[in-house]
Amino acid sequence: MSHDHAHDHAPDPPARDGITTTPAVALGTAFRWGVALNLGYTALEAGAGLWLGSLALLADAAHNLTDVAGLVVAWAAAAAARRAPTPRYSYGLGRGTILAALANAIAILIGVGAVAWEAVGRLAAPPPVAGLAVLLVACVGVAVNLGTARLFHGHHAHDLNAKGAYLHMLADAAVSLGVVAAAAVMLATGWWRADPLAALAVSAVIAWSAFRLLRESLHLALDGVPAAIDREAVAAWLAAREGVAEVHDLHVWALSTRRIALTAHLVMPGGHPGDAFLARTAAGLAREFGIGHASIQIELGDGPACPLASPAVV
């Protein structure tokens with residue numbers, strides 16, 4: 001059996017769900033402003049909590065500090081993904097963006113669990129809260145978190161790392177809105193249970209979004225086929241190329257939250273089709289499926305069967 005291996009890189013592919021080619025510079029700017037805005041608000045909220053003696057504000061400030069840490073981790077991962085490959089990391093460090101999204105999802109779920117636990121504990125004997133002060137600070141939090149989420153708009157739909165930051169900021173905006181509503185109820189009625197009940201309701205919404213992010217990022221971390229890619233459609237497209245008799249050992253996975261890779265064996269009894277065929281195939285994969293890194297091995301099928309032909313073999 002004769003083998004000929006080659007690969008080609010197409011121009012940046014169109015955006016796909018979970019993967020993007022959005023310019024990294026713009027995303028880096030979003031992270032920079034996001035960290036600055038949230039760090040400033042965290043300092044303001046902590047100061048207000050200390051001045052007013054509000055445990056709720058201090059607890060939320062601690063939560064926002066974890067948000068800043070999550071943004072920094074995601075930002076660092078996005079920056080690392082732009083570094084050139086090395087002999088030791090031949091695919092570069094792009095996988096760090098997936099791990100950052102996974103860590104962000106876990107951090108959100110841990111934070112939600114802590115808030116829910118505290119809320120349940122306060123239902124029996126809710127302490128009095130300085131409603132007006134909490135309302136004003138929470139309104140600032142809504143503005144900061146929505147503004148930060150807006151920075152990631154346009155990136156979040158196609159970059160899982162940016163999606164994690166986007167969801168995190170929207171979740172925090174929802175928390176702040178819940179605090180605003182609870183503070184308004186407490187100001188109007190003096191019903192202190194509004195605070196823990198609002199926290200539980202918002203926590204449930206946040207947990208659902210975080211679980212979806214956890215599932216998506218874990219799927220990519222385990223080299224699953226990206227959600228937007230129909231593997232069978234890719235196989236059929238390759239099989240339909242002129243001269244291709246069979247496609248096997250097809251693998252599609254995410255190199256990062258920005259790039260999709262593919263490897264495949266094409267059996268072409270008529271002989272090696274040449275570099276132009278490989279270039280056209282790579283460009284077609286990028287155009288049709290958003291796959292930007294394709295490695296294709298040509299087999300003539302005139303020898304022993306390929307040991308990787310079985311779908312059960314990796």
# chains A, B, ... in the order shown; residues from 1 in each chain; ligands from 1
>>> closest_atom_pairs(of="region 82-147 of chain A", to="region 170-183 of chain A", cutoff="7 Å", atoms="only C-alpha atoms", output="CSV")
residue,atom,partner,partner_atom,distance
A:Gly131,CA,A:Ala183,CA,4.8
A:Leu132,CA,A:Ala183,CA,6.8
A:Val134,CA,A:Ala183,CA,6.5
A:Leu135,CA,A:Val180,CA,4.9
A:Ala138,CA,A:Ser176,CA,5.1
A:Cys139,CA,A:Val180,CA,6.6
A:Gly141,CA,A:Ser176,CA,5.9
A:Val142,CA,A:Ala173,CA,4.8
A:Asn145,CA,A:Ala173,CA,5.1
A:Leu146,CA,A:Ala173,CA,6.0
>>> closest_atom_pairs(of="region 130-179 of chain A", to="region 65-84 of chain A", cutoff="10 Å", atoms="only C-alpha atoms", output="tab-separated table")
residue	atom	partner	partner_atom	distance
A:Asn161	CA	A:Ala74	CA	6.4
A:Ala162	CA	A:Ala74	CA	7.7
A:Gly164	CA	A:Ala74	CA	8.4
A:Ala165	CA	A:Leu71	CA	6.4
A:Tyr166	CA	A:Leu71	CA	9.8
A:His168	CA	A:Asp67	CA	7.4
A:Met169	CA	A:Asp67	CA	8.1
A:Asp172	CA	A:Asp67	CA	8.8
>>> closest_residue(among="A:Ala305, A:Ile229, A:Ala221, A:Leu285", to="Gly96 (chain A)", atoms="only C-alpha atoms")
A:Ala221
>>> residues_around(residues="region 107-118 of chain A", least_positions_apart="6", cutoff="9 Å", atoms="only C-alpha atoms", output="ChimeraX atom specification")
/A:59,63,66-67,70,168,171,196,199-200,202-204,206-207,210-211
>>> write_last_selection(atoms="all heavy atoms", output="mmCIF file, in the first residue's frame")
data_model
loop_
_atom_site.group_PDB
_atom_site.id
_atom_site.type_symbol
_atom_site.label_atom_id
_atom_site.label_comp_id
_atom_site.auth_asym_id
_atom_site.auth_seq_id
_atom_site.Cartn_x
_atom_site.Cartn_y
_atom_site.Cartn_z
ATOM 1 N N ALA A 59 -19.924 40.187 50.573
ATOM 2 C CA ALA A 59 -19.969 38.861 49.952
ATOM 3 C C ALA A 59 -19.991 38.975 48.429
ATOM 4 O O ALA A 59 -19.316 38.232 47.715
ATOM 5 C CB ALA A 59 -21.192 38.096 50.449
ATOM 6 N N HIS A 63 -17.376 37.775 45.497
ATOM 7 C CA HIS A 63 -17.784 37.061 44.282
ATOM 8 C C HIS A 63 -17.260 37.761 43.033
ATOM 9 O O HIS A 63 -16.753 37.125 42.104
ATOM 10 C CB HIS A 63 -19.310 36.986 44.236
ATOM 11 C CG HIS A 63 -19.856 36.521 42.928
ATOM 12 N ND1 HIS A 63 -19.706 35.235 42.468
ATOM 13 C CD2 HIS A 63 -20.542 37.185 41.960
ATOM 14 C CE1 HIS A 63 -20.273 35.121 41.277
ATOM 15 N NE2 HIS A 63 -20.788 36.287 40.956
ATOM 16 N N THR A 66 -13.687 37.036 42.267
ATOM 17 C CA THR A 66 -13.478 35.788 41.518
ATOM 18 C C THR A 66 -13.785 35.992 40.042
ATOM 19 O O THR A 66 -13.177 35.341 39.178
ATOM 20 C CB THR A 66 -14.361 34.649 42.072
ATOM 21 O OG1 THR A 66 -15.741 34.958 41.858
ATOM 22 C CG2 THR A 66 -14.117 34.436 43.551
ATOM 23 N N ASP A 67 -14.732 36.894 39.731
ATOM 24 C CA ASP A 67 -15.025 37.209 38.332
ATOM 25 C C ASP A 67 -13.803 37.823 37.660
ATOM 26 O O ASP A 67 -13.469 37.491 36.514
ATOM 27 C CB ASP A 67 -16.190 38.195 38.223
ATOM 28 C CG ASP A 67 -17.495 37.589 38.696
ATOM 29 O OD1 ASP A 67 -17.549 36.350 38.822
ATOM 30 O OD2 ASP A 67 -18.435 38.343 38.936
ATOM 31 N N GLY A 70 -11.402 35.194 36.937
ATOM 32 C CA GLY A 70 -11.822 34.411 35.779
ATOM 33 C C GLY A 70 -11.525 35.127 34.474
ATOM 34 O O GLY A 70 -11.088 34.506 33.497
ATOM 35 N N HIS A 168 -20.667 34.920 32.100
ATOM 36 C CA HIS A 168 -20.329 35.285 33.474
ATOM 37 C C HIS A 168 -20.789 36.702 33.776
ATOM 38 O O HIS A 168 -21.380 36.981 34.835
ATOM 39 C CB HIS A 168 -18.811 35.172 33.660
ATOM 40 C CG HIS A 168 -18.408 34.804 35.043
ATOM 41 N ND1 HIS A 168 -17.334 34.013 35.327
ATOM 42 C CD2 HIS A 168 -18.937 35.130 36.241
ATOM 43 C CE1 HIS A 168 -17.217 33.860 36.621
ATOM 44 N NE2 HIS A 168 -18.178 34.536 37.208
ATOM 45 N N ALA A 171 -24.573 36.853 33.897
ATOM 46 C CA ALA A 171 -25.024 36.254 35.148
ATOM 47 C C ALA A 171 -24.880 37.246 36.297
ATOM 48 O O ALA A 171 -25.775 37.387 37.143
ATOM 49 C CB ALA A 171 -24.225 34.985 35.434
ATOM 50 N N PRO A 196 -32.750 36.661 50.317
ATOM 51 C CA PRO A 196 -32.332 35.282 50.015
ATOM 52 C C PRO A 196 -33.175 34.611 48.934
ATOM 53 O O PRO A 196 -32.660 33.794 48.165
ATOM 54 C CB PRO A 196 -32.468 34.565 51.366
ATOM 55 C CG PRO A 196 -33.414 35.392 52.162
ATOM 56 C CD PRO A 196 -33.169 36.807 51.721
ATOM 57 N N ALA A 199 -31.861 35.719 45.650
ATOM 58 C CA ALA A 199 -30.567 35.073 45.411
ATOM 59 C C ALA A 199 -30.759 33.641 44.915
ATOM 60 O O ALA A 199 -30.051 33.183 44.003
ATOM 61 C CB ALA A 199 -29.741 35.074 46.695
ATOM 62 N N LEU A 200 -31.711 32.914 45.484
ATOM 63 C CA LEU A 200 -31.963 31.534 45.053
ATOM 64 C C LEU A 200 -32.500 31.489 43.626
ATOM 65 O O LEU A 200 -32.091 30.626 42.823
ATOM 66 C CB LEU A 200 -32.955 30.863 46.003
ATOM 67 C CG LEU A 200 -32.417 30.463 47.380
ATOM 68 C CD1 LEU A 200 -33.551 29.972 48.271
ATOM 69 C CD2 LEU A 200 -31.348 29.373 47.229
ATOM 70 N N VAL A 202 -32.104 33.727 41.186
ATOM 71 C CA VAL A 202 -31.050 34.091 40.237
ATOM 72 C C VAL A 202 -30.012 32.983 40.133
ATOM 73 O O VAL A 202 -29.508 32.685 39.039
ATOM 74 C CB VAL A 202 -30.391 35.424 40.659
ATOM 75 C CG1 VAL A 202 -29.171 35.707 39.810
ATOM 76 C CG2 VAL A 202 -31.387 36.566 40.541
ATOM 77 N N SER A 203 -29.709 32.326 41.253
ATOM 78 C CA SER A 203 -28.715 31.242 41.249
ATOM 79 C C SER A 203 -29.140 30.098 40.337
ATOM 80 O O SER A 203 -28.307 29.485 39.661
ATOM 81 C CB SER A 203 -28.504 30.715 42.680
ATOM 82 O OG SER A 203 -27.912 31.701 43.493
ATOM 83 N N ALA A 204 -30.435 29.810 40.319
ATOM 84 C CA ALA A 204 -30.930 28.731 39.466
ATOM 85 C C ALA A 204 -30.714 29.060 37.984
ATOM 86 O O ALA A 204 -30.302 28.194 37.197
ATOM 87 C CB ALA A 204 -32.411 28.488 39.738
ATOM 88 N N ILE A 206 -28.434 31.150 36.744
ATOM 89 C CA ILE A 206 -26.994 31.145 36.487
ATOM 90 C C ILE A 206 -26.480 29.709 36.353
ATOM 91 O O ILE A 206 -25.681 29.390 35.472
ATOM 92 C CB ILE A 206 -26.245 31.871 37.615
ATOM 93 C CG1 ILE A 206 -26.648 33.342 37.665
ATOM 94 C CG2 ILE A 206 -24.739 31.759 37.429
ATOM 95 C CD1 ILE A 206 -26.095 34.075 38.865
ATOM 96 N N ALA A 207 -26.952 28.831 37.245
ATOM 97 C CA ALA A 207 -26.484 27.444 37.235
ATOM 98 C C ALA A 207 -26.810 26.761 35.911
ATOM 99 O O ALA A 207 -25.998 25.979 35.383
ATOM 100 C CB ALA A 207 -27.114 26.672 38.391
ATOM 101 N N ALA A 210 -24.361 28.078 33.296
ATOM 102 C CA ALA A 210 -23.015 27.582 33.579
ATOM 103 C C ALA A 210 -22.888 26.096 33.234
ATOM 104 O O ALA A 210 -21.847 25.653 32.748
ATOM 105 C CB ALA A 210 -22.662 27.809 35.046
ATOM 106 N N PHE A 211 -23.957 25.342 33.474
ATOM 107 C CA PHE A 211 -23.913 23.913 33.156
ATOM 108 C C PHE A 211 -23.764 23.697 31.656
ATOM 109 O O PHE A 211 -23.027 22.812 31.215
ATOM 110 C CB PHE A 211 -25.172 23.216 33.659
ATOM 111 C CG PHE A 211 -25.223 21.750 33.308
ATOM 112 C CD1 PHE A 211 -24.436 20.836 33.984
ATOM 113 C CD2 PHE A 211 -26.041 21.313 32.278
ATOM 114 C CE1 PHE A 211 -24.467 19.490 33.648
ATOM 115 C CE2 PHE A 211 -26.077 19.967 31.931
ATOM 116 C CZ PHE A 211 -25.290 19.051 32.623
#
>>> atom_distance(atom1="CA of Leu300 (chain A)", atom2="CA of Leu238 (chain A)")
15.6 Å
>>> select_by_dssp(residues="region 98-255 of chain A", states="strand (DSSP E or B)", output="MDAnalysis selection string")
chainID A and resid 246:254
>>> residues_around(residues="Arg231 (chain A)", least_positions_apart="4", cutoff="12 Å", atoms="only C-alpha atoms", output="PyMOL selection string")
chain A and resi 224-227+235-238+247-253+262-264+285+289+291
>>> select_by_dssp(residues="region 82-303 of chain A", states="alpha helix (DSSP H)", output="PyMOL selection string")
chain A and resi 95-124+131-151+160-189+194-221+231-239+275-289
>>> atom_distance(atom1="CA of Arg193 (chain A)", atom2="CA of Ala48 (chain A)")
22.1 Å
>>> closest_residue(among="A:Ala254, A:Ala149, A:Ala194, A:Leu220", to="Trp33 (chain A)", atoms="only C-alpha atoms")
A:Ala149
>>> atom_distance(atom1="CA of Thr86 (chain A)", atom2="CA of Ser256 (chain A)")
15.9 Å
>>> closest_residue(among="A:Val314, A:Leu308, A:Leu197, A:Ala36", to="Gly147 (chain A)", atoms="only C-alpha atoms")
A:Ala36
>>> closest_residue(among="A:Val137, A:Ala105, A:Thr281, A:Arg95", to="Ala46 (chain A)", atoms="only C-alpha atoms")
A:Val137
